[in-house]
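So this block is model-v4.txt, compact mmCIF, C-alpha atoms and all ligand atoms:
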```
# COMPACT_ATOMS: atom_id res chain seq x y z
CA MET I 1 6.93 -32.52 -22.72
CA ASN I 2 4.14 -30.35 -21.52
CA GLN I 3 5.65 -27.65 -19.37
CA THR I 4 3.53 -25.04 -17.68
CA ALA I 5 5.23 -21.82 -16.75
CA THR I 6 3.97 -20.63 -13.40
CA THR I 7 4.68 -17.21 -12.07
CA THR I 8 3.09 -15.81 -8.96
CA LEU I 9 0.67 -12.94 -9.13
CA TYR I 10 3.30 -11.01 -7.12
CA GLU I 11 5.80 -11.43 -9.95
CA ARG I 12 3.30 -10.51 -12.65
CA LEU I 13 2.43 -7.30 -10.77
CA GLY I 14 6.11 -6.32 -10.81
CA ARG I 15 7.04 -7.45 -7.29
CA ARG I 16 7.26 -4.89 -4.51
CA ASP I 17 8.26 -2.00 -6.83
CA GLY I 18 5.41 -2.65 -9.23
CA ILE I 19 2.86 -3.06 -6.43
CA THR I 20 4.10 0.18 -4.85
CA ARG I 21 3.54 2.07 -8.12
CA ILE I 22 0.12 0.47 -8.68
CA THR I 23 -0.94 1.33 -5.11
CA ALA I 24 0.18 4.97 -5.53
CA ASP I 25 -2.06 5.19 -8.63
CA LEU I 26 -4.87 3.42 -6.77
CA MET I 27 -4.79 6.00 -3.96
CA LYS I 28 -4.64 8.83 -6.51
CA ASN I 29 -7.71 7.38 -8.21
CA HIS I 30 -9.58 7.10 -4.89
CA LEU I 31 -8.81 10.72 -4.01
CA ALA I 32 -10.07 11.87 -7.43
CA ASN I 33 -13.19 9.69 -7.23
CA PRO I 34 -16.17 11.69 -5.87
CA LEU I 35 -17.97 8.48 -4.84
CA VAL I 36 -15.32 7.56 -2.26
CA ASN I 37 -12.78 10.35 -1.78
CA ALA I 38 -14.40 11.65 1.43
CA ARG I 39 -13.74 8.25 3.02
CA TYR I 40 -10.01 8.56 2.46
CA MET I 41 -9.69 12.31 3.08
CA ASN I 42 -10.96 11.70 6.60
CA SER I 43 -8.24 9.15 7.29
CA GLU I 44 -5.62 10.36 9.72
CA ASN I 45 -2.55 8.97 8.04
CA LEU I 46 -2.92 8.28 4.34
CA GLU I 47 0.78 7.47 3.88
CA GLN I 48 0.58 4.73 6.48
CA ILE I 49 -2.58 3.33 4.90
CA GLU I 50 -0.84 3.32 1.51
CA ARG I 51 2.14 1.45 3.01
CA ARG I 52 -0.22 -1.09 4.55
CA VAL I 53 -2.10 -1.58 1.28
CA VAL I 54 1.26 -2.24 -0.44
CA GLU I 55 2.14 -4.83 2.23
CA PHE I 56 -1.32 -6.39 1.98
CA PHE I 57 -1.03 -6.92 -1.76
CA CYS I 58 2.59 -8.08 -1.60
CA ALA I 59 1.79 -10.64 1.11
CA GLY I 60 -1.49 -11.71 -0.50
CA THR I 61 -0.09 -12.29 -3.99
CA GLY I 62 2.84 -14.49 -3.02
CA GLY I 63 5.54 -12.03 -1.97
CA PRO I 64 7.86 -12.44 1.04
CA GLU I 65 6.53 -9.30 2.80
CA SER I 66 4.35 -9.58 5.88
CA TYR I 67 1.24 -7.51 6.48
CA SER I 68 1.27 -5.40 9.64
CA GLY I 69 -2.25 -3.92 9.35
CA LYS I 70 -5.61 -5.00 10.68
CA ASP I 71 -7.66 -7.73 9.02
CA MET I 72 -10.27 -6.68 6.45
CA VAL I 73 -13.31 -6.94 8.71
CA ALA I 74 -11.62 -4.98 11.54
CA THR I 75 -10.37 -2.33 9.07
CA HIS I 76 -13.74 -1.68 7.46
CA LYS I 77 -15.97 -2.33 10.47
CA GLY I 78 -18.48 0.44 11.13
CA MET I 79 -17.84 2.18 7.78
CA ASN I 80 -21.08 0.75 6.36
CA ILE I 81 -19.54 0.53 2.88
CA ASN I 82 -22.19 0.03 0.18
CA GLU I 83 -22.18 -1.87 -3.11
CA GLN I 84 -21.60 1.23 -5.24
CA GLU I 85 -18.53 2.16 -3.21
CA PHE I 86 -17.20 -1.37 -3.42
CA MET I 87 -17.65 -1.48 -7.22
CA THR I 88 -16.05 1.91 -7.79
CA VAL I 89 -13.04 1.01 -5.61
CA ILE I 90 -12.60 -2.08 -7.80
CA ASP I 91 -12.80 0.14 -10.91
CA ASP I 92 -10.10 2.39 -9.40
CA ALA I 93 -7.95 -0.71 -8.92
CA MET I 94 -8.50 -1.92 -12.50
CA ASP I 95 -7.60 1.54 -13.85
CA ALA I 96 -4.41 1.57 -11.76
CA LEU I 97 -3.44 -1.88 -13.11
CA LYS I 98 -4.06 -0.84 -16.74
CA LYS I 99 -2.07 2.36 -16.26
CA ASN I 100 0.84 0.16 -15.19
CA ASN I 101 0.48 -2.04 -18.28
CA ILE I 102 -0.66 -5.15 -16.42
CA ASP I 103 -2.01 -7.71 -18.90
CA ASP I 104 -5.74 -8.52 -19.09
CA ALA I 105 -5.46 -12.04 -17.63
CA THR I 106 -3.63 -10.72 -14.58
CA CYS I 107 -6.17 -7.88 -14.18
CA ASN I 108 -8.95 -10.47 -14.20
CA GLU I 109 -7.16 -12.49 -11.54
CA VAL I 110 -6.89 -9.42 -9.28
CA LEU I 111 -10.55 -8.66 -9.97
CA ALA I 112 -11.52 -12.14 -8.76
CA VAL I 113 -9.40 -11.78 -5.62
CA LEU I 114 -10.94 -8.40 -4.76
CA TRP I 115 -14.46 -9.66 -5.45
CA SER I 116 -13.87 -12.66 -3.19
CA MET I 117 -13.25 -10.27 -0.27
CA ARG I 118 -16.59 -8.47 -0.56
CA ARG I 119 -18.13 -10.10 2.51
CA GLU I 120 -15.24 -8.84 4.64
CA VAL I 121 -15.68 -5.25 3.44
CA LEU I 122 -19.32 -4.63 2.48
CA ARG I 123 -21.63 -3.41 5.28
CA VAL I 124 -19.55 -5.00 8.03
C1 LIG I 201 -11.61 -5.81 -1.60
C2 LIG I 201 -11.60 -4.52 -1.42
C3 LIG I 201 -10.73 -3.82 -0.39
C4 LIG I 201 -9.52 -4.17 0.12
C5 LIG I 201 -8.67 -5.39 -0.21
C6 LIG I 201 -9.13 -3.13 1.07
C7 LIG I 201 -7.94 -3.11 1.79
C8 LIG I 201 -7.59 -2.17 2.72
C9 LIG I 201 -6.37 -2.18 3.51
C10 LIG I 201 -5.26 -3.24 3.41
C11 LIG I 201 -6.38 -1.10 4.31
C12 LIG I 201 -5.29 -0.68 5.34
C13 LIG I 201 -5.63 -1.25 6.71
C14 LIG I 201 -4.68 -0.76 7.81
O1 LIG I 201 -4.09 0.33 7.70
O2 LIG I 201 -4.57 -1.48 8.85
C15 LIG I 201 -7.62 -0.39 4.03
C16 LIG I 201 -8.01 0.79 4.64
C17 LIG I 201 -9.13 1.51 4.28
N1 LIG I 201 -10.10 1.15 3.39
FE1 LIG I 201 -10.16 -0.54 2.32
N2 LIG I 201 -10.13 -2.18 1.12
C18 LIG I 201 -11.11 -2.57 0.24
C19 LIG I 201 -12.28 -1.88 -0.03
C20 LIG I 201 -12.62 -0.66 0.49
C21 LIG I 201 -13.81 0.09 0.14
C22 LIG I 201 -14.88 -0.36 -0.87
C23 LIG I 201 -13.78 1.25 0.83
C24 LIG I 201 -14.80 2.37 0.82
C25 LIG I 201 -14.72 3.33 0.01
C26 LIG I 201 -12.56 1.22 1.66
C27 LIG I 201 -12.16 2.22 2.52
C28 LIG I 201 -11.02 2.17 3.31
C29 LIG I 201 -10.62 3.26 4.20
C30 LIG I 201 -11.36 4.59 4.42
C31 LIG I 201 -9.43 2.84 4.82
C32 LIG I 201 -8.60 3.62 5.86
C33 LIG I 201 -9.05 3.26 7.24
C34 LIG I 201 -8.33 4.08 8.29
O3 LIG I 201 -8.45 5.31 8.26
O4 LIG I 201 -7.62 3.47 9.13
N3 LIG I 201 -11.90 0.04 1.43
N4 LIG I 201 -8.34 -1.06 3.07
```
Using structure tokens, write down the structure from this file.
Amino acid sequence: MNQTATTTLYERLGRRDGITRITADLMKNHLANPLVNARYMNSENLEQIERRVVEFFCAGTGGPESYSGKDMVATHKGMNINEQEFMTVIDDAMDALKKNNIDDATCNEVLAVLWSMRREVLRV
């Protein structure tokens, strides 16, 4: 019999605990990244943003959590985010995934998901 094992992206990222660790590394990478750190340093409440990013990824990858933040267009509206910033934020995410030993196929899946959101983030 041909059985296909299916696990959600949420499970492969280590569920809420794994996504929390990955997001902490992601924020660390952003703050150390000269191309985007000023964007985040100006944010009023980084801890709340980090919590919302955790919720966003949990909810968006198949977890039971709900997202309490704003939608992507409303969040990034008026920031005039450019292509270079978008690409480097994706690099920060890939580095955070690798640091947490996420396998290549799963990294590629996250990459595709992030890329698919570009029109909701870039120059909105
Ligand atoms: C697909 C890529 C991206 C996703 C999925 C994403 C997701 C998010 C989420 C979920 C939040 C929290 C929203 C809330 O608190 O209500 C957020 C906030 C934020 N994002 Fe993004 N983001 C992306 C790309 C970017 C890029 C490229 C930049 C520019 C460097 C950026 C800059 C910010 C900033 C500065 C905040 C904080 C806004 C505030 O102070 O309230 N994001 N993002």
Quick one: everything within 8 Å of stretch 35-51 of chain I, counting only C-alpha atoms, minus sequence neighbours fewer than 3 positions away in the same chain. Send it as a list in words. Thr23, Ala24, Met27, His30, Leu31, Ala32, Val54, Glu55, Glu85, Thr88 and Val89 of chain I
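From atom CA of I:Ala96 back to atom CA of I:Thr6, the distance works out to 23.8 Å.
Candidate residues I:Ala105, I:Leu13, I:Ile90, I:Leu26 were compared for distance to ligand LIG 201 (chain I), and the nearest is I:Ile90, using all atoms listed in the file.
If all atoms listed in the file are the atoms counted, then among I:Lys77, I:Arg52, I:Arg123, I:Lys99 the closest residue to ligand LIG 201 (chain I) is I:Arg52.
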Residue with smallest distance to I:Glu65 - pool I:Gln84, I:Asp92, I:Ala112, I:Tyr10, counting only C-alpha atoms: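 Counting only C-alpha atoms, the residue closest to I:Glu65 is I:Tyr10.
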Point-to-point distance in Å for atom CA of I:Ser68 and atom C24 of ligand LIG 201 (chain I): 19.9 Å
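Shortest atom-to-atom contact with ligand LIG 201 (chain I) among I:Thr8, I:Ser116, I:Ser66, I:Asn29: I:Ser116, counting only C-alpha atoms and all ligand atoms.
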What does the distance from atom CA of I:Val124 to atom CA of I:Asn33 come to in Å, to one decimal?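 Distance between the two atoms: 22.1 Å.
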